[in-house]
>>> print(open('run25.txt').read())   # compact mmCIF, C-alpha atoms
# COMPACT_ATOMS: atom_id res chain seq x y z
CA MET A 1 9.10 -12.66 25.62
CA ALA A 2 8.90 -10.78 28.92
CA ILE A 3 8.22 -7.05 28.89
CA TYR A 4 9.35 -5.25 32.01
CA ILE A 5 8.26 -1.84 33.25
CA ASN A 6 11.48 -0.17 34.35
CA GLY A 7 10.21 3.36 34.90
CA THR A 8 6.87 5.14 35.14
CA GLY A 9 5.68 8.74 35.22
CA CYS A 10 2.15 10.00 35.60
CA ILE A 11 0.40 13.36 35.67
CA SER A 12 -3.27 12.99 36.62
CA HIS A 13 -6.09 14.42 38.69
CA GLN A 14 -4.41 12.79 41.72
CA ASN A 15 -0.97 13.58 43.10
CA THR A 16 0.71 10.83 41.11
CA ILE A 17 4.06 12.63 41.06
CA ASP A 18 4.51 11.70 44.72
CA VAL A 19 3.61 8.01 44.85
CA ALA A 20 3.75 7.80 48.66
CA ASP A 21 1.34 10.72 48.95
CA PHE A 22 -0.91 9.15 46.32
CA PHE A 23 -1.22 5.89 48.26
CA GLU A 24 -2.04 7.79 51.43
CA ASN A 25 -4.26 10.58 50.13
CA ALA A 26 -5.80 9.47 46.81
CA GLN A 27 -9.46 10.45 46.81
CA VAL A 28 -12.43 9.53 44.69
CA ALA A 29 -13.38 12.64 42.75
CA CYS A 30 -16.96 13.79 42.35
CA GLN A 31 -16.65 16.54 39.77
CA GLN A 32 -17.87 16.68 36.19
CA ARG A 33 -14.40 17.59 34.91
CA LEU A 34 -11.28 16.20 36.57
CA VAL A 35 -8.31 18.35 35.64
CA ALA A 36 -4.74 17.25 36.30
CA GLN A 37 -2.70 18.32 39.32
CA GLU A 38 0.25 19.97 37.64
CA PRO A 39 3.80 19.90 38.97
CA ASP A 40 6.30 22.73 38.56
CA TYR A 41 7.02 21.97 34.91
CA LYS A 42 10.24 23.97 34.99
CA ASN A 43 11.78 20.98 36.78
CA TYR A 44 11.25 18.92 33.63
CA VAL A 45 11.18 21.27 30.64
CA PRO A 46 13.82 23.84 29.58
CA ALA A 47 12.51 27.44 29.63
CA ASN A 48 13.05 27.97 25.89
CA MET A 49 10.82 24.99 25.05
CA PHE A 50 8.35 25.59 27.86
CA ARG A 51 6.83 28.81 26.52
CA ARG A 52 5.42 27.21 23.37
CA MET A 53 4.06 24.10 25.04
CA SER A 54 0.35 23.66 25.59
CA HIS A 55 -1.11 21.87 28.61
CA VAL A 56 -1.04 18.35 27.14
CA ILE A 57 2.52 18.74 25.83
CA LYS A 58 3.73 19.81 29.28
CA MET A 59 1.93 16.87 30.91
CA GLY A 60 3.36 14.42 28.39
CA VAL A 61 6.92 15.71 28.46
CA ALA A 62 6.98 15.82 32.28
CA ALA A 63 5.57 12.27 32.62
CA ALA A 64 8.10 11.01 30.05
CA LYS A 65 11.01 12.70 31.88
CA ILE A 66 9.93 11.21 35.23
CA SER A 67 9.77 7.70 33.74
CA LEU A 68 13.23 8.10 32.19
CA GLN A 69 14.65 9.32 35.52
CA GLN A 70 13.17 6.28 37.28
CA ALA A 71 14.65 3.92 34.70
CA GLU A 72 17.97 5.78 35.04
CA ILE A 73 18.38 6.24 31.30
CA GLU A 74 18.67 9.38 29.21
CA ASN A 75 17.69 8.10 25.78
CA VAL A 76 15.59 5.33 24.26
CA ASP A 77 15.40 3.20 21.11
CA ALA A 78 11.80 4.17 20.38
CA ILE A 79 9.15 6.66 21.45
CA ILE A 80 5.57 5.48 20.98
CA THR A 81 2.55 7.44 22.17
CA GLY A 82 -1.19 6.97 22.06
CA THR A 83 -3.70 9.80 22.18
CA GLY A 84 -7.36 10.13 21.31
CA LEU A 85 -7.43 13.87 20.77
CA GLY A 86 -3.77 14.83 20.44
CA CYS A 87 -2.97 18.48 21.08
CA PHE A 88 -6.58 19.56 21.13
CA GLU A 89 -6.00 22.95 22.76
CA ASP A 90 -3.76 24.10 19.90
CA THR A 91 -6.09 22.53 17.31
CA ASP A 92 -8.96 24.52 18.85
CA LYS A 93 -6.87 27.73 18.87
CA PHE A 94 -5.84 27.28 15.25
CA LEU A 95 -9.36 26.52 14.01
CA ARG A 96 -10.80 29.48 15.94
CA ALA A 97 -8.11 31.74 14.45
CA ILE A 98 -9.05 30.56 10.94
CA ILE A 99 -12.68 31.56 11.54
CA GLU A 100 -12.02 34.79 13.47
CA ASN A 101 -9.40 36.08 11.03
CA ASP A 102 -11.21 35.00 7.90
CA GLU A 103 -8.51 32.48 7.00
CA GLN A 104 -5.82 35.19 7.20
CA LEU A 105 -3.08 36.01 9.73
CA LEU A 106 -2.67 32.54 11.16
CA THR A 107 0.08 32.13 13.72
CA PRO A 108 2.49 29.26 13.12
CA THR A 109 2.87 27.99 16.70
CA SER A 110 -0.69 26.65 17.09
CA PHE A 111 -0.46 25.01 13.67
CA ILE A 112 2.88 23.36 14.39
CA GLN A 113 1.74 22.15 17.82
CA SER A 114 -1.72 20.98 16.81
CA THR A 115 -0.81 17.57 15.44
CA HIS A 116 -1.37 14.34 17.35
CA ASN A 117 2.33 13.43 17.27
CA THR A 118 3.55 16.74 18.75
CA VAL A 119 4.19 15.26 22.20
CA ALA A 120 6.26 12.35 20.86
CA GLY A 121 8.14 14.87 18.72
CA GLN A 122 8.79 17.26 21.60
CA ILE A 123 10.10 14.41 23.78
CA ALA A 124 12.41 13.36 20.93
CA LEU A 125 13.68 16.94 20.60
CA LEU A 126 14.21 17.22 24.33
CA ILE A 127 16.23 14.02 24.74
CA LYS A 128 17.74 14.23 21.22
CA CYS A 129 16.28 10.89 20.16
CA HIS A 130 16.48 10.23 16.41
CA ASN A 131 15.03 6.72 16.64
CA TYR A 132 11.63 5.19 15.88
CA ASN A 133 8.89 7.69 16.72
CA PHE A 134 5.25 6.83 16.31
CA THR A 135 1.87 8.02 17.56
CA TYR A 136 -1.34 6.00 17.55
CA THR A 137 -4.75 7.61 17.56
CA GLN A 138 -7.35 4.86 17.81
CA GLN A 139 -9.91 6.54 20.06
CA GLY A 140 -10.36 4.46 23.24
CA LEU A 141 -7.66 1.99 22.17
CA SER A 142 -4.96 4.57 21.38
CA PHE A 143 -2.73 3.68 24.32
CA GLU A 144 -3.26 -0.05 23.89
CA SER A 145 -2.27 0.29 20.20
CA ALA A 146 0.96 2.03 21.26
CA LEU A 147 1.62 -0.73 23.76
CA ILE A 148 1.06 -3.48 21.16
CA ASP A 149 3.51 -1.71 18.84
CA ALA A 150 6.03 -1.52 21.71
CA LYS A 151 5.61 -5.25 22.29
CA MET A 152 6.28 -5.99 18.60
CA PHE A 153 9.27 -3.61 18.60
CA LEU A 154 10.77 -5.41 21.60
CA ASN A 155 10.22 -8.77 19.92
CA GLU A 156 12.21 -7.60 16.91
CA ASN A 157 14.82 -5.53 18.73
CA LYS A 158 16.23 -7.28 21.78
CA ASN A 159 17.84 -5.27 24.57
CA SER A 160 15.97 -2.11 23.65
CA ASN A 161 14.45 0.52 25.88
CA ILE A 162 11.16 1.98 24.72
CA LEU A 163 9.26 4.98 25.98
CA VAL A 164 5.51 4.39 25.69
CA GLY A 165 2.81 6.77 26.82
CA GLY A 166 -0.86 7.65 26.71
CA LEU A 167 -2.13 11.21 27.01
CA ASP A 168 -5.21 13.35 26.55
CA GLU A 169 -6.42 16.71 27.81
CA ALA A 170 -9.85 17.84 29.01
CA ILE A 171 -9.87 21.38 27.69
CA GLN A 172 -12.84 23.66 28.39
CA PRO A 173 -14.26 23.81 24.81
CA TYR A 174 -14.26 20.00 24.58
CA PHE A 175 -15.93 19.71 27.99
CA ASP A 176 -18.54 22.30 26.94
CA LEU A 177 -19.35 20.35 23.77
CA LEU A 178 -19.74 17.07 25.68
CA LEU A 179 -21.90 18.85 28.25
CA GLN A 180 -24.14 20.25 25.51
CA ALA A 181 -24.40 16.79 23.96
CA GLY A 182 -25.54 15.36 27.32
CA GLU A 183 -22.50 13.07 27.62
CA ILE A 184 -21.28 14.49 30.94
CA LYS A 185 -22.96 13.21 34.08
CA LYS A 186 -25.14 15.75 35.90
CA GLN A 187 -23.42 16.99 39.07
CA GLU A 188 -26.30 15.76 41.26
CA ASP A 189 -26.00 12.24 39.75
CA ILE A 190 -22.30 11.79 40.60
CA ILE A 191 -21.79 9.23 43.36
CA VAL A 192 -18.67 7.88 45.08
CA GLU A 193 -19.29 4.21 44.18
CA ILE A 194 -18.82 4.44 40.41
CA GLU A 195 -19.93 0.81 39.98
CA ASN A 196 -23.37 1.49 41.47
CA ASN A 197 -24.36 4.28 39.09
CA LYS A 198 -27.90 4.17 37.81
CA THR A 199 -27.62 7.23 35.57
CA LYS A 200 -26.21 8.13 32.17
CA GLY A 201 -23.04 10.13 31.58
CA PHE A 202 -19.44 10.18 32.77
CA CYS A 203 -16.97 12.59 34.36
CA LEU A 204 -14.35 13.85 31.91
CA GLY A 205 -10.72 13.38 32.92
CA GLU A 206 -7.25 13.99 31.55
CA GLY A 207 -3.68 12.93 32.12
CA ALA A 208 -0.42 11.59 30.76
CA SER A 209 1.21 8.32 31.79
CA PHE A 210 4.54 7.13 30.44
CA PHE A 211 6.48 3.89 30.81
CA VAL A 212 10.01 2.78 30.03
CA LEU A 213 9.71 -0.78 28.76
CA SER A 214 12.41 -3.30 28.08
CA ASN A 215 12.88 -7.05 27.85
CA GLU A 216 15.81 -6.65 30.21
CA LYS A 217 15.18 -6.54 33.96
CA HIS A 218 16.61 -3.56 35.81
CA LYS A 219 17.24 -2.88 39.48
CA ASN A 220 14.23 -0.53 39.43
CA THR A 221 11.93 -2.92 37.54
CA LYS A 222 8.41 -2.51 38.88
CA ALA A 223 6.35 -5.14 37.11
CA GLU A 224 5.97 -7.25 34.00
CA ILE A 225 3.36 -6.82 31.29
CA LYS A 226 2.11 -10.37 30.71
CA GLY A 227 -0.44 -9.73 28.00
CA ILE A 228 -2.66 -7.29 26.18
CA LYS A 229 -5.71 -7.76 23.95
CA THR A 230 -8.10 -5.30 22.32
CA PHE A 231 -11.61 -5.67 20.89
CA THR A 232 -13.75 -3.31 18.88
CA SER A 233 -16.88 -5.34 18.26
CA LEU A 234 -18.50 -7.38 21.00
CA LYS A 235 -21.78 -9.24 20.64
CA ASP A 236 -22.65 -9.15 24.34
CA GLY A 237 -21.34 -9.74 27.85
CA GLY A 238 -20.99 -13.46 27.18
CA ASP A 239 -18.72 -12.68 24.25
CA LEU A 240 -16.42 -10.59 26.48
CA GLN A 241 -16.38 -13.34 29.12
CA ASN A 242 -15.39 -15.96 26.51
CA LYS A 243 -12.63 -13.71 25.22
CA LEU A 244 -11.43 -13.11 28.77
CA SER A 245 -11.30 -16.85 29.50
CA LEU A 246 -9.22 -17.40 26.36
CA PHE A 247 -6.92 -14.50 27.30
CA LEU A 248 -6.26 -15.97 30.75
CA GLN A 249 -5.73 -19.44 29.22
CA GLU A 250 -3.13 -18.04 26.83
CA LEU A 251 -1.28 -16.60 29.83
CA ASN A 252 -1.58 -19.89 31.74
CA LEU A 253 -3.58 -18.14 34.42
CA SER A 254 -6.87 -18.99 36.09
CA VAL A 255 -9.35 -16.57 37.67
CA ASN A 256 -7.96 -17.55 41.08
CA ASP A 257 -4.51 -16.29 40.04
CA ILE A 258 -5.83 -12.74 39.65
CA SER A 259 -5.15 -10.76 42.83
CA LEU A 260 -6.97 -7.64 41.73
CA VAL A 261 -9.14 -6.48 38.86
CA LEU A 262 -8.93 -2.82 37.88
CA SER A 263 -12.26 -2.24 36.20
CA GLY A 264 -12.72 0.62 33.75
CA ASN A 265 -16.28 1.54 34.69
CA SER A 266 -16.98 5.08 33.53
CA GLY A 267 -20.07 5.56 35.70
CA ASP A 268 -22.45 5.47 32.74
CA VAL A 269 -25.17 2.95 33.50
CA GLU A 270 -25.42 1.79 29.87
CA ASP A 271 -21.72 1.71 29.02
CA ASP A 272 -20.83 -0.21 32.20
CA LYS A 273 -23.38 -3.01 31.74
CA ILE A 274 -21.00 -5.52 30.14
CA LEU A 275 -18.16 -4.87 32.61
CA ASN A 276 -20.50 -5.17 35.59
CA GLU A 277 -21.90 -8.43 34.23
CA THR A 278 -18.37 -9.78 33.65
CA ASN A 279 -17.23 -8.77 37.13
CA ARG A 280 -20.32 -10.40 38.67
CA ASN A 281 -20.05 -13.63 36.68
CA ILE A 282 -16.30 -14.18 36.65
CA PHE A 283 -14.78 -12.20 39.50
CA SER A 284 -17.32 -12.61 42.30
CA GLN A 285 -14.54 -13.87 44.61
CA THR A 286 -11.82 -11.48 43.39
CA ASN A 287 -10.84 -8.04 44.67
CA ILE A 288 -12.21 -5.45 42.26
CA ALA A 289 -11.20 -1.79 42.24
CA TYR A 290 -12.35 1.04 39.98
CA PHE A 291 -9.96 3.63 38.65
CA LYS A 292 -11.99 6.13 36.62
CA ASN A 293 -13.36 7.76 39.77
CA LEU A 294 -9.73 8.76 40.43
CA CYS A 295 -8.75 9.97 36.95
CA GLY A 296 -12.00 10.51 35.03
CA GLU A 297 -12.99 9.04 31.67
CA TYR A 298 -10.81 9.83 28.65
CA PHE A 299 -9.50 8.06 25.58
CA THR A 300 -6.26 6.99 27.24
CA ALA A 301 -7.43 6.40 30.83
CA SER A 302 -6.10 2.84 30.50
CA ALA A 303 -2.57 4.31 30.65
CA PHE A 304 -3.44 5.68 34.11
CA ALA A 305 -4.69 2.18 35.02
CA LEU A 306 -1.38 0.66 33.91
CA TRP A 307 0.52 3.21 36.03
CA LEU A 308 -1.73 2.37 38.98
CA ALA A 309 -1.32 -1.40 38.51
CA SER A 310 2.44 -1.03 38.28
CA ALA A 311 2.55 1.10 41.46
CA ILE A 312 0.30 -1.35 43.36
CA ILE A 313 2.52 -4.30 42.42
CA GLU A 314 5.69 -2.44 43.31
CA LYS A 315 4.37 -1.33 46.70
CA GLN A 316 2.32 -4.51 47.29
CA GLU A 317 -0.39 -2.23 48.62
CA ILE A 318 -3.78 -1.07 47.34
CA PRO A 319 -4.68 2.58 48.06
CA THR A 320 -7.49 2.71 50.61
CA ALA A 321 -9.51 4.95 48.29
CA LEU A 322 -9.82 2.01 45.87
CA VAL A 323 -11.08 -0.80 48.06
CA ASN A 324 -13.80 -1.05 50.66
CA LYS A 325 -12.35 -3.97 52.57
CA PRO A 326 -8.92 -4.50 54.21
CA THR A 327 -6.29 -5.91 51.85
CA GLN A 328 -3.29 -5.91 54.19
CA GLY A 329 -1.22 -9.03 53.79
CA LEU A 330 -2.70 -9.74 50.35
CA LEU A 331 -0.01 -10.98 47.98
CA ILE A 332 -0.52 -9.01 44.80
CA LYS A 333 0.85 -11.20 42.03
CA ASN A 334 -1.33 -10.53 38.97
CA ILE A 335 -3.50 -7.50 38.20
CA LEU A 336 -6.01 -7.59 35.38
CA ILE A 337 -7.05 -4.28 33.83
CA LEU A 338 -10.47 -4.54 32.15
CA ASN A 339 -11.19 -1.37 30.26
CA GLN A 340 -14.01 -0.12 28.08
CA TYR A 341 -14.49 3.13 26.22
CA ARG A 342 -18.11 4.10 25.52
CA ASN A 343 -19.04 0.41 25.37
CA SER A 344 -17.50 0.20 21.91
CA GLU A 345 -13.83 -0.50 22.59
CA TYR A 346 -12.60 -3.01 25.14
CA SER A 347 -9.16 -4.08 26.30
CA PHE A 348 -7.48 -6.51 28.70
CA MET A 349 -4.04 -5.96 30.18
CA CYS A 350 -2.40 -8.33 32.63
CA ILE A 351 0.42 -7.03 34.84
CA SER A 352 2.44 -9.29 37.12
CA SER A 353 5.05 -9.01 39.82
CA CYS A 354 8.51 -10.21 38.88
CA MET B 1 7.83 56.72 19.81
CA GLU B 2 8.28 55.78 23.49
CA ASN B 3 4.61 54.79 23.72
CA LEU B 4 4.90 52.68 20.58
CA ILE B 5 8.01 50.92 21.93
CA GLN B 6 6.22 50.20 25.20
CA ASN B 7 3.17 48.82 23.37
CA LEU B 8 5.35 46.66 21.15
CA LYS B 9 7.12 45.16 24.16
CA VAL B 10 3.77 44.19 25.70
CA GLN B 11 2.48 42.76 22.41
CA ILE B 12 5.68 40.76 21.80
CA ILE B 13 5.52 39.27 25.31
CA GLU B 14 1.90 38.29 24.76
CA GLN B 15 2.28 36.97 21.21
CA LEU B 16 5.41 34.94 21.97
CA ASN B 17 4.22 33.79 25.40
CA LEU B 18 7.31 35.16 27.15
CA ALA B 19 5.65 34.67 30.53
CA GLU B 20 8.83 35.20 32.54
CA THR B 21 9.73 38.46 30.78
CA LYS B 22 8.46 41.91 31.79
CA PRO B 23 8.39 44.90 29.40
CA GLU B 24 11.15 46.60 31.42
CA ASP B 25 13.38 43.53 30.94
CA ILE B 26 13.50 44.14 27.18
CA ASP B 27 16.21 46.51 26.00
CA ALA B 28 14.65 48.31 23.03
CA SER B 29 18.01 48.45 21.24
CA ALA B 30 19.09 44.85 21.96
CA PRO B 31 18.88 42.24 19.16
CA LEU B 32 15.63 40.29 19.07
CA PHE B 33 17.17 37.17 17.50
CA GLY B 34 20.17 35.12 18.54
CA GLU B 35 21.32 37.32 21.41
CA GLY B 36 19.06 39.64 23.44
CA LEU B 37 15.64 38.01 23.63
CA GLY B 38 17.03 34.95 21.81
CA LEU B 39 14.08 34.52 19.47
CA ASP B 40 14.04 31.97 16.64
CA SER B 41 12.54 31.50 13.17
CA ILE B 42 9.08 30.50 14.48
CA ASP B 43 9.05 33.73 16.50
CA ALA B 44 9.90 35.64 13.32
CA LEU B 45 6.72 34.29 11.72
CA GLU B 46 4.75 35.23 14.84
CA LEU B 47 6.15 38.79 14.63
CA ILE B 48 5.16 39.08 10.96
CA VAL B 49 1.59 38.11 11.93
CA LEU B 50 1.70 40.60 14.85
CA LEU B 51 2.79 43.40 12.52
CA GLU B 52 0.01 42.71 10.03
CA LYS B 53 -2.71 42.05 12.60
CA ASN B 54 -2.03 44.97 14.96
CA TYR B 55 -0.64 47.58 12.52
CA GLY B 56 -1.95 46.46 9.12
CA LEU B 57 1.60 46.32 7.77
CA LYS B 58 2.99 43.75 5.34
CA ILE B 59 6.69 43.53 4.62
CA ALA B 60 6.77 43.70 0.84
CA ASP B 61 10.43 42.81 0.37
CA PRO B 62 11.65 39.92 2.60
CA LYS B 63 15.18 41.38 2.39
CA ASP B 64 14.00 44.32 4.51
CA ALA B 65 12.85 42.01 7.31
CA LYS B 66 16.36 41.52 8.69
CA ASN B 67 16.73 45.23 9.40
CA ILE B 68 13.13 45.79 10.51
CA PHE B 69 13.28 42.97 13.07
CA GLN B 70 16.74 43.93 14.35
CA SER B 71 15.33 45.24 17.65
CA VAL B 72 12.14 46.62 19.21
CA LYS B 73 13.43 50.10 18.34
CA THR B 74 13.91 49.33 14.62
CA LEU B 75 10.49 47.69 14.55
CA ALA B 76 8.93 50.81 16.10
CA GLU B 77 10.79 53.04 13.60
CA TYR B 78 9.46 50.95 10.71
CA ILE B 79 5.87 51.19 12.00
CA SER B 80 6.20 54.99 12.46
CA SER B 81 7.68 55.45 9.00
CA GLN B 82 4.81 53.53 7.39
CA LYS B 83 2.18 55.60 9.18
CA LYS B 84 3.42 58.86 7.73
>>> encode(input="run25.txt", output="structure tokens")
Amino acid sequence: MAIYINGTGCISHQNTIDVADFFENAQVACQQRLVAQEPDYKNYVPANMFRRMSHVIKMGVAAAKISLQQAEIENVDAIITGTGLGCFEDTDKFLRAIIENDEQLLTPTSFIQSTHNTVAGQIALLIKCHNYNFTYTQQGLSFESALIDAKMFLNENKNSNILVGGLDEAIQPYFDLLLQAGEIKKQEDIIVEIENNKTKGFCLGEGASFFVLSNEKHKNTKAEIKGIKTFTSLKDGGDLQNKLSLFLQELNLSVNDISLVLSGNSGDVEDDKILNETNRNIFSQTNIAYFKNLCGEYFTASAFALWLASAIIEKQEIPTALVNKPTQGLLIKNILILNQYRNSEYSFMCISSC
Amino acid sequence: MENLIQNLKVQIIEQLNLAETKPEDIDASAPLFGEGLGLDSIDALELIVLLEKNYGLKIADPKDAKNIFQSVKTLAEYISSQKK
């Protein structure tokens, strides 16, 4: 059954609110921590709800509202989100308050807002949606898990509209911990060509990307999600390549049918080994672009990649920041997103024009 | 009392994240809940924590809370009365 993307919304390190500006001015970022460019949230969130919302809730609610506006609907049959860390800022606040106040005098707001499903709940409250509401937290496959659930929901409930999103925040205490642990790339080691990195570490990112999905086409339909697969244990690069061949076979596609690969290299020389090997062995003749030098590495960066793939297919244009050779006139029919998180979780997503 | 009212206004704005509100916007006699500042039940819990944390005061009888949290002025009067 076809799954169409009828609306998208994205808050990221780039100006993804204004798609035209993004295609013109997107820039590879060379910072250790890539924070999101935030819109005027008051355009999306009522003042009485706004004051209690943390950074990630605002990003999520705004991205969800934008995707609903694009799909020209006000309510949905299901809200499904994926997040690795959930509302980490409020979790951090609450835990610090427990320690600082000797387990006394704890304020309720941080506690209430610290759960992983807060964003899905806040969206439901905002649009008054009493339907299916679920949040997946499967580390680097959190967004993909939400998407798989959305696919199953659409299979069982025809003519539904589903809001699906992936979101995570790069708050300072989390960044500091990763820095201390040596996970963040040293500033002097950051290079523009993420695929050519010879050093360890990654740049931390954040963002929220939402999608209105349906099995019904709409006048604003942007693209179709052809397939999705996830893997948590790979033997080696050959194993990933075999799985990729099977995935393409199941979709009745060959390597030559792929117009563009969006590769989830994080910039870590060890973690990227398998993706680089796969790209070299299978996609030597295919356009390859890298997206984590635009948004940073985070648990749900694949949601940014899906937003990007959907925008590229809709505009039939690849932002110049992503490719180092001219792509004008290229018919962009199928985009394959190859993602990895810390070389332990892998996913494939195939997006097609329709 | 005026100083206490002023301090309470600043603390309430900070504790409840009323970023758009300035101390001078709060009428000390106006209701805190429903009308006036339009606070809700979560804010009531935040105010109880504020009272205990900043003034060391616990409301022993929950029935008294309705009158104590009527306005900034009644809150200030309660704090003053407990200090004596």
>>> residues_around(input="run25.txt", residues="range 21-31 of chain B", least_positions_apart="3", cutoff="7 Å", atoms="all atoms listed in the file", output="VMD selection string")
chain B and resid 9 to 10 13 18 35 to 37 70 to 73
>>> write_last_selection(input="run25.txt", atoms="C-alpha atoms", output="mmCIF file, in the coordinates of the input")
data_model
loop_
_atom_site.group_PDB
_atom_site.id
_atom_site.type_symbol
_atom_site.label_atom_id
_atom_site.label_comp_id
_atom_site.auth_asym_id
_atom_site.auth_seq_id
_atom_site.Cartn_x
_atom_site.Cartn_y
_atom_site.Cartn_z
ATOM 1 C CA LYS B 9 7.120 45.160 24.160
ATOM 2 C CA VAL B 10 3.770 44.190 25.700
ATOM 3 C CA ILE B 13 5.520 39.270 25.310
ATOM 4 C CA LEU B 18 7.310 35.160 27.150
ATOM 5 C CA GLU B 35 21.320 37.320 21.410
ATOM 6 C CA GLY B 36 19.060 39.640 23.440
ATOM 7 C CA LEU B 37 15.640 38.010 23.630
ATOM 8 C CA GLN B 70 16.740 43.930 14.350
ATOM 9 C CA SER B 71 15.330 45.240 17.650
ATOM 10 C CA VAL B 72 12.140 46.620 19.210
ATOM 11 C CA LYS B 73 13.430 50.100 18.340
#
>>> residues_around(input="run25.txt", residues="Lys229 in chain A", least_positions_apart="6", cutoff="9 Å", atoms="only C-alpha atoms", output="mmCIF file with C-alpha atoms, in the coordinates of the input")
data_model
loop_
_atom_site.group_PDB
_atom_site.id
_atom_site.type_symbol
_atom_site.label_atom_id
_atom_site.label_comp_id
_atom_site.auth_asym_id
_atom_site.auth_seq_id
_atom_site.Cartn_x
_atom_site.Cartn_y
_atom_site.Cartn_z
ATOM 1 C CA GLU A 144 -3.260 -0.050 23.890
ATOM 2 C CA ILE A 148 1.060 -3.480 21.160
ATOM 3 C CA PHE A 247 -6.920 -14.500 27.300
ATOM 4 C CA TYR A 346 -12.600 -3.010 25.140
ATOM 5 C CA SER A 347 -9.160 -4.080 26.300
ATOM 6 C CA PHE A 348 -7.480 -6.510 28.700
ATOM 7 C CA MET A 349 -4.040 -5.960 30.180
#
>>> interface_residues(input="run25.txt", of="chain B", to="chain A", cutoff="12 Å", atoms="all atoms listed in the file", output="ChimeraX atom specification")
/B:13-21,37-54,56-58
>>> atom_distance(input="run25.txt", atom1="CA of Leu204 in chain A", atom2="CA of His55 in chain A")
15.8 Å
>>> residues_around(input="run25.txt", residues="range 298-309 of chain A", least_positions_apart="3", cutoff="6 Å", atoms="all atoms listed in the file", output="VMD selection string")
chain A and resid 84 139 to 140 143 166 to 167 205 209 312
>>> residues_near_point(input="run25.txt", point="(-10.7, -2.0, 35.1)", cutoff="7 Å", atoms="all atoms listed in the file", output="PyMOL selection string")
chain A and resi 261-265+290-291+337-339
>>> atom_distance(input="run25.txt", atom1="CA of Val255 in chain A", atom2="CA of Asp239 in chain A")
16.8 Å
>>> closest_residue(input="run25.txt", among="A:Asn293, A:Asn215, A:Thr199, A:Ser67", to="Ala150 in chain A", atoms="all atoms listed in the file")
A:Asn215
>>> atom_distance(input="run25.txt", atom1="CA of Asn43 in chain A", atom2="CA of Ala64 in chain A")
12.6 Å
>>> closest_residue(input="run25.txt", among="A:Gln249, A:Gln31, A:Gln113, A:Asn159", to="Gly227 in chain A", atoms="all atoms listed in the file")
A:Gln249
>>> residues_around(input="run25.txt", residues="range 62-69 of chain B", least_positions_apart="4", cutoff="8 Å", atoms="all atoms listed in the file", output="ChimeraX atom specification")
/B:32,74-75,78
>>> residues_around(input="run25.txt", residues="Leu154 in chain A", least_positions_apart="3", cutoff="12 Å", atoms="all atoms listed in the file", output="PyMOL selection string")
chain A and resi 1-4+77-78+147-151+157-164+212-216
